[in-house]
Amino acid sequence: MPLYLLSQAKVRKLDQTNFRSEKELQTLVETNLPLLFGARFVATEFLTGAKHAGRIDTLALDENDNPMIIEYKVIESSDLINQSLFYLSWLDDHRGEFELTARKKLGDKIEFDWDKIRVICIAPGFKKYDMHAVGMMGANIELWQFQLHEEDIFDIDKVFPRSDRDYETGLTASNGKNPIMIAAGRKAAETRRTATYTFVEHLKGKDQTIMEIVTALREYTLALAETIEEAPKKLYIAYKVSQNFVCMEVQKRKVYLFLKLNPSEVGKLPIHFRDVSNIGHYGTGDIECTISSLEQIDEAKLWIKKAFDSVAG
């Protein structure tokens with residue numbers, strides 16, 4: 001998509017340029033990891049040892065404590081995906097080495113969630129065959145496309161969403177059974193086998209009102225954009241694009257939303273909202289919204305959209 005510079009009611013098309021080297025792109029991303037991906041920098045040009053004889057461009061830890069690999073190309077190249085898969089296999093087999101490196105950089109108190117290692121490939125474009133291959137592989141690979149324009153305009157977007165969103169719409173199937181609980185049975189074996197968490201687990205033991213609230217908010221959030229991912233954790237469910245924009249904590253009688261918004265920029269908060277920037281809580285986000293009735297759903301949706309716009313632009 002072309003970009004135009006607006007000045008005194010006139011527009012000028014900005015020419016597209018490119019980085020002089022992959023290292024220049026890499027340095028830019030590493031310097032801005034918190035803003036671009038909600039992540040913490042761990043290491044650059046990380047050597048994988050004599051056996052694998054590789055060098056991982058960037059290692060990081062995201063805000064959900066998932067390890068991250070980031071690889072870069074300043075031209076289209078299928079080697080980027082093959083190379084990333086190679087490093088994904090290495091990292092999964094060398095978790096202890098990553099944890100040791102991360103603790104040296106970030107401190108001993110950090111935690112790690114190995115449910116999903118994030119592999120981010122950044123390039124100016126991807127061939128349709130590469131995107132199809134990533135979809136078929138089912139690995140945790142994210143393809144991100146960048147554009148660099150004159151006037152130092154940098155744009156980066158996710159061009160291929162991970163296909164791990166398997167959710168039902170509505171609470172009642174045609175046979176009268178609850179599809180969410182049907183899904184629980186289908187996913188139980190997988191959950192035990194992989195030791196990962198699912199959306200369904202957060203609904204267990206909750207009454208009908210809470211289930212309706214959670215389902216309505218979930219469907220609304222995921223419908224905001226195709227690139228939104230759902231990341232269920234043990235104590236909360238994160239919804240993210242490049243980074244989390246809302247986290248949902250499901251309790252027996254209420255639902256907490258933690259919205260990634262700056263409390264100082266949103267003005268007076270409504271009832272049932274509060275500033276938690278200095279209060280410990282699960283998930284990420286500085287504004288807490290408490291929902292205990294169906295009537296509060298519409299207001300919560302407006303704030304979810306605000307948080308999404310704040311992160312996704």
# chains A, B, ... in the order shown; residues from 1 in each chain; ligands from 1
$ residues_around --residues "Gly49 of chain A" --least-positions-apart "3" --cutoff "12 Å" --atoms "only C-alpha atoms" --output "PyMOL selection string"
chain A and resi 45-46+52-56+87+90-91+94+97
$ write_last_selection --atoms "N, CA and C atoms" --output "compact mmCIF listing (two decimals), in the first residue's frame"
# COMPACT_ATOMS: atom_id res chain seq x y z
N GLU A 45 22.72 -12.47 17.87
CA GLU A 45 23.72 -13.31 17.21
C GLU A 45 24.15 -14.46 18.12
N PHE A 46 23.16 -15.20 18.60
CA PHE A 46 23.39 -16.25 19.59
C PHE A 46 23.90 -17.52 18.91
N HIS A 52 25.36 -27.70 15.72
CA HIS A 52 24.37 -27.07 14.85
C HIS A 52 24.99 -25.98 13.99
N ALA A 53 26.09 -25.41 14.47
CA ALA A 53 26.85 -24.41 13.71
C ALA A 53 25.96 -23.31 13.15
N GLY A 54 25.11 -22.78 14.00
CA GLY A 54 24.21 -21.71 13.58
C GLY A 54 24.35 -20.48 14.44
N ARG A 55 23.66 -19.43 14.03
CA ARG A 55 23.69 -18.17 14.76
C ARG A 55 22.29 -17.57 14.71
N ILE A 56 21.58 -17.60 15.83
CA ILE A 56 20.23 -17.07 15.90
C ILE A 56 20.30 -15.54 15.96
N TYR A 87 16.24 -23.44 13.80
CA TYR A 87 16.50 -22.86 15.11
C TYR A 87 15.39 -23.18 16.11
N TRP A 90 16.28 -26.46 17.48
CA TRP A 90 17.42 -26.34 18.40
C TRP A 90 16.97 -25.80 19.75
N LEU A 91 16.17 -24.74 19.73
CA LEU A 91 15.77 -24.12 20.98
C LEU A 91 14.92 -25.06 21.83
N HIS A 94 17.16 -27.24 23.68
CA HIS A 94 18.16 -26.59 24.53
C HIS A 94 17.50 -25.53 25.42
N GLU A 97 19.69 -23.97 28.22
CA GLU A 97 20.66 -22.98 27.76
C GLU A 97 20.00 -21.62 27.55
$ closest_atom_pairs --of "segment 38-98 of chain A" --to "segment 245-252 of chain A" --cutoff "12 Å" --atoms "only C-alpha atoms" --output "CSV"
residue,atom,partner,partner_atom,distance
A:Gly38,CA,A:Phe245,CA,9.7
A:Glu63,CA,A:Phe245,CA,10.9
A:Asn64,CA,A:Cys247,CA,10.3
$ residues_around --residues "segment 211-223 of chain A" --least-positions-apart "6" --cutoff "7 Å" --atoms "only C-alpha atoms" --output "count of residues only"
4
$ closest_atom_pairs --of "segment 39-86 of chain A" --to "segment 99-106 of chain A" --cutoff "10 Å" --atoms "only C-alpha atoms" --output "JSON lines"
{"residue": "A:Arg40", "atom": "CA", "partner": "A:Leu106", "partner_atom": "CA", "distance": 8.1}
{"residue": "A:Phe41", "atom": "CA", "partner": "A:Lys105", "partner_atom": "CA", "distance": 8.1}
{"residue": "A:Val42", "atom": "CA", "partner": "A:Ala102", "partner_atom": "CA", "distance": 5.4}
{"residue": "A:Ala43", "atom": "CA", "partner": "A:Thr101", "partner_atom": "CA", "distance": 7.7}
{"residue": "A:Phe46", "atom": "CA", "partner": "A:Thr101", "partner_atom": "CA", "distance": 9.8}
{"residue": "A:Leu59", "atom": "CA", "partner": "A:Ala102", "partner_atom": "CA", "distance": 8.7}
{"residue": "A:Ala60", "atom": "CA", "partner": "A:Ala102", "partner_atom": "CA", "distance": 8.0}
{"residue": "A:Leu61", "atom": "CA", "partner": "A:Ala102", "partner_atom": "CA", "distance": 7.9}
{"residue": "A:Pro67", "atom": "CA", "partner": "A:Glu99", "partner_atom": "CA", "distance": 9.0}
$ write_last_selection --atoms "C-alpha atoms" --output "short mmCIF file (atom, residue, chain, number, x, y, z; two decimals), in the first residue's frame"
data_model
loop_
_atom_site.label_atom_id
_atom_site.label_comp_id
_atom_site.auth_asym_id
_atom_site.auth_seq_id
_atom_site.Cartn_x
_atom_site.Cartn_y
_atom_site.Cartn_z
CA ARG A 40 12.26 -8.34 26.41
CA PHE A 41 15.63 -8.63 24.70
CA VAL A 42 17.71 -11.68 25.66
CA ALA A 43 20.56 -12.04 23.15
CA PHE A 46 23.39 -16.25 19.59
CA LEU A 59 16.45 -14.25 21.22
CA ALA A 60 13.75 -12.64 23.35
CA LEU A 61 11.06 -13.37 25.94
CA PRO A 67 10.65 -17.71 24.36
#
$ residues_around --residues "Asp155 of chain A" --least-positions-apart "3" --cutoff "7 Å" --atoms "only C-alpha atoms" --output "PyMOL selection string"
chain A and resi 146-148
$ residues_around --residues "segment 25-37 of chain A" --least-positions-apart "4" --cutoff "9 Å" --atoms "only C-alpha atoms" --output "PyMOL selection string"
chain A and resi 19-21+41+44+57-58+60+62-63+70-74+156+241-244+311
$ atom_distance --atom1 "atom CA of Glu76 of chain A" --atom2 "atom CA of Phe126 of chain A"
5.9 Å
$ closest_residue --among "A:Ile237, A:Ala231, A:Leu5, A:Leu261" --to "Lys305 of chain A" --atoms "only C-alpha atoms"
A:Leu261
$ closest_residue --among "A:Leu259, A:Leu3, A:Ile75, A:Ile120" --to "Asp309 of chain A" --atoms "only C-alpha atoms"
A:Leu259
$ decode --residues "segment 17-99 of chain A" --atoms "C-alpha atoms" --output "PDB file, in the first residue's frame"
ATOM      1  CA  THR A  17      13.441   2.303   0.235  1.00  0.00           C
ATOM      2  CA  ASN A  18      15.175  -0.520   2.083  1.00  0.00           C
ATOM      3  CA  PHE A  19      17.703  -1.121   4.816  1.00  0.00           C
ATOM      4  CA  ARG A  20      21.344  -1.148   3.806  1.00  0.00           C
ATOM      5  CA  SER A  21      21.817  -4.486   5.573  1.00  0.00           C
ATOM      6  CA  GLU A  22      20.004  -7.099   7.639  1.00  0.00           C
ATOM      7  CA  LYS A  23      21.966  -5.913  10.661  1.00  0.00           C
ATOM      8  CA  GLU A  24      20.439  -2.443  10.358  1.00  0.00           C
ATOM      9  CA  LEU A  25      16.934  -3.946  10.404  1.00  0.00           C
ATOM     10  CA  GLN A  26      17.890  -6.265  13.257  1.00  0.00           C
ATOM     11  CA  THR A  27      19.239  -3.418  15.389  1.00  0.00           C
ATOM     12  CA  LEU A  28      16.075  -1.396  14.845  1.00  0.00           C
ATOM     13  CA  VAL A  29      13.833  -4.272  15.959  1.00  0.00           C
ATOM     14  CA  GLU A  30      16.002  -5.248  18.926  1.00  0.00           C
ATOM     15  CA  THR A  31      16.072  -1.642  20.148  1.00  0.00           C
ATOM     16  CA  ASN A  32      12.274  -1.427  19.966  1.00  0.00           C
ATOM     17  CA  LEU A  33      11.220  -4.928  21.068  1.00  0.00           C
ATOM     18  CA  PRO A  34       8.885  -3.720  23.877  1.00  0.00           C
ATOM     19  CA  LEU A  35       6.937  -1.455  21.519  1.00  0.00           C
ATOM     20  CA  LEU A  36       6.883  -3.746  18.467  1.00  0.00           C
ATOM     21  CA  PHE A  37       6.308  -7.126  20.117  1.00  0.00           C
ATOM     22  CA  GLY A  38       5.847  -6.527  23.842  1.00  0.00           C
ATOM     23  CA  ALA A  39       9.048  -8.482  24.389  1.00  0.00           C
ATOM     24  CA  ARG A  40      12.259  -8.338  26.411  1.00  0.00           C
ATOM     25  CA  PHE A  41      15.631  -8.626  24.702  1.00  0.00           C
ATOM     26  CA  VAL A  42      17.713 -11.676  25.663  1.00  0.00           C
ATOM     27  CA  ALA A  43      20.559 -12.040  23.153  1.00  0.00           C
ATOM     28  CA  THR A  44      21.757 -11.144  19.673  1.00  0.00           C
ATOM     29  CA  GLU A  45      23.718 -13.306  17.212  1.00  0.00           C
ATOM     30  CA  PHE A  46      23.393 -16.251  19.593  1.00  0.00           C
ATOM     31  CA  LEU A  47      25.692 -19.165  18.687  1.00  0.00           C
ATOM     32  CA  THR A  48      24.058 -22.606  18.708  1.00  0.00           C
ATOM     33  CA  GLY A  49      27.305 -24.532  19.184  1.00  0.00           C
ATOM     34  CA  ALA A  50      29.629 -26.592  17.011  1.00  0.00           C
ATOM     35  CA  LYS A  51      27.092 -29.346  16.236  1.00  0.00           C
ATOM     36  CA  HIS A  52      24.374 -27.073  14.855  1.00  0.00           C
ATOM     37  CA  ALA A  53      26.855 -24.415  13.705  1.00  0.00           C
ATOM     38  CA  GLY A  54      24.210 -21.712  13.576  1.00  0.00           C
ATOM     39  CA  ARG A  55      23.691 -18.169  14.765  1.00  0.00           C
ATOM     40  CA  ILE A  56      20.225 -17.065  15.897  1.00  0.00           C
ATOM     41  CA  ASP A  57      19.665 -13.410  15.009  1.00  0.00           C
ATOM     42  CA  THR A  58      17.619 -12.450  18.098  1.00  0.00           C
ATOM     43  CA  LEU A  59      16.450 -14.254  21.225  1.00  0.00           C
ATOM     44  CA  ALA A  60      13.747 -12.644  23.353  1.00  0.00           C
ATOM     45  CA  LEU A  61      11.061 -13.370  25.935  1.00  0.00           C
ATOM     46  CA  ASP A  62       7.556 -12.038  25.330  1.00  0.00           C
ATOM     47  CA  GLU A  63       5.138 -10.613  27.895  1.00  0.00           C
ATOM     48  CA  ASN A  64       3.493 -14.040  28.322  1.00  0.00           C
ATOM     49  CA  ASP A  65       6.923 -15.520  29.154  1.00  0.00           C
ATOM     50  CA  ASN A  66       7.125 -17.405  25.844  1.00  0.00           C
ATOM     51  CA  PRO A  67      10.647 -17.707  24.364  1.00  0.00           C
ATOM     52  CA  MET A  68      11.047 -15.981  20.996  1.00  0.00           C
ATOM     53  CA  ILE A  69      13.299 -16.413  17.987  1.00  0.00           C
ATOM     54  CA  ILE A  70      13.441 -13.551  15.476  1.00  0.00           C
ATOM     55  CA  GLU A  71      15.081 -13.909  12.067  1.00  0.00           C
ATOM     56  CA  TYR A  72      15.467 -11.213   9.402  1.00  0.00           C
ATOM     57  CA  LYS A  73      15.865 -10.789   5.653  1.00  0.00           C
ATOM     58  CA  VAL A  74      15.911  -7.564   3.646  1.00  0.00           C
ATOM     59  CA  ILE A  75      14.929  -9.468   0.485  1.00  0.00           C
ATOM     60  CA  GLU A  76      12.345 -12.204  -0.107  1.00  0.00           C
ATOM     61  CA  SER A  77      13.903 -15.575   0.649  1.00  0.00           C
ATOM     62  CA  SER A  78      12.503 -19.035   1.358  1.00  0.00           C
ATOM     63  CA  ASP A  79      15.684 -19.730   3.312  1.00  0.00           C
ATOM     64  CA  LEU A  80      14.317 -17.545   6.108  1.00  0.00           C
ATOM     65  CA  ILE A  81      11.551 -20.029   6.975  1.00  0.00           C
ATOM     66  CA  ASN A  82      13.803 -23.096   6.659  1.00  0.00           C
ATOM     67  CA  GLN A  83      16.418 -21.442   8.817  1.00  0.00           C
ATOM     68  CA  SER A  84      13.822 -20.476  11.430  1.00  0.00           C
ATOM     69  CA  LEU A  85      12.518 -24.054  11.623  1.00  0.00           C
ATOM     70  CA  PHE A  86      16.065 -25.268  12.203  1.00  0.00           C
ATOM     71  CA  TYR A  87      16.500 -22.857  15.110  1.00  0.00           C
ATOM     72  CA  LEU A  88      13.067 -23.710  16.509  1.00  0.00           C
ATOM     73  CA  SER A  89      14.143 -27.353  16.769  1.00  0.00           C
ATOM     74  CA  TRP A  90      17.418 -26.345  18.401  1.00  0.00           C
ATOM     75  CA  LEU A  91      15.766 -24.117  20.984  1.00  0.00           C
ATOM     76  CA  ASP A  92      13.203 -26.755  21.930  1.00  0.00           C
ATOM     77  CA  ASP A  93      16.084 -29.168  22.613  1.00  0.00           C
ATOM     78  CA  HIS A  94      18.164 -26.589  24.532  1.00  0.00           C
ATOM     79  CA  ARG A  95      15.679 -25.006  26.897  1.00  0.00           C
ATOM     80  CA  GLY A  96      18.118 -24.942  29.776  1.00  0.00           C
ATOM     81  CA  GLU A  97      20.662 -22.984  27.760  1.00  0.00           C
ATOM     82  CA  PHE A  98      18.043 -20.386  26.835  1.00  0.00           C
ATOM     83  CA  GLU A  99      16.842 -20.065  30.442  1.00  0.00           C
TER      84      GLU A  99
END
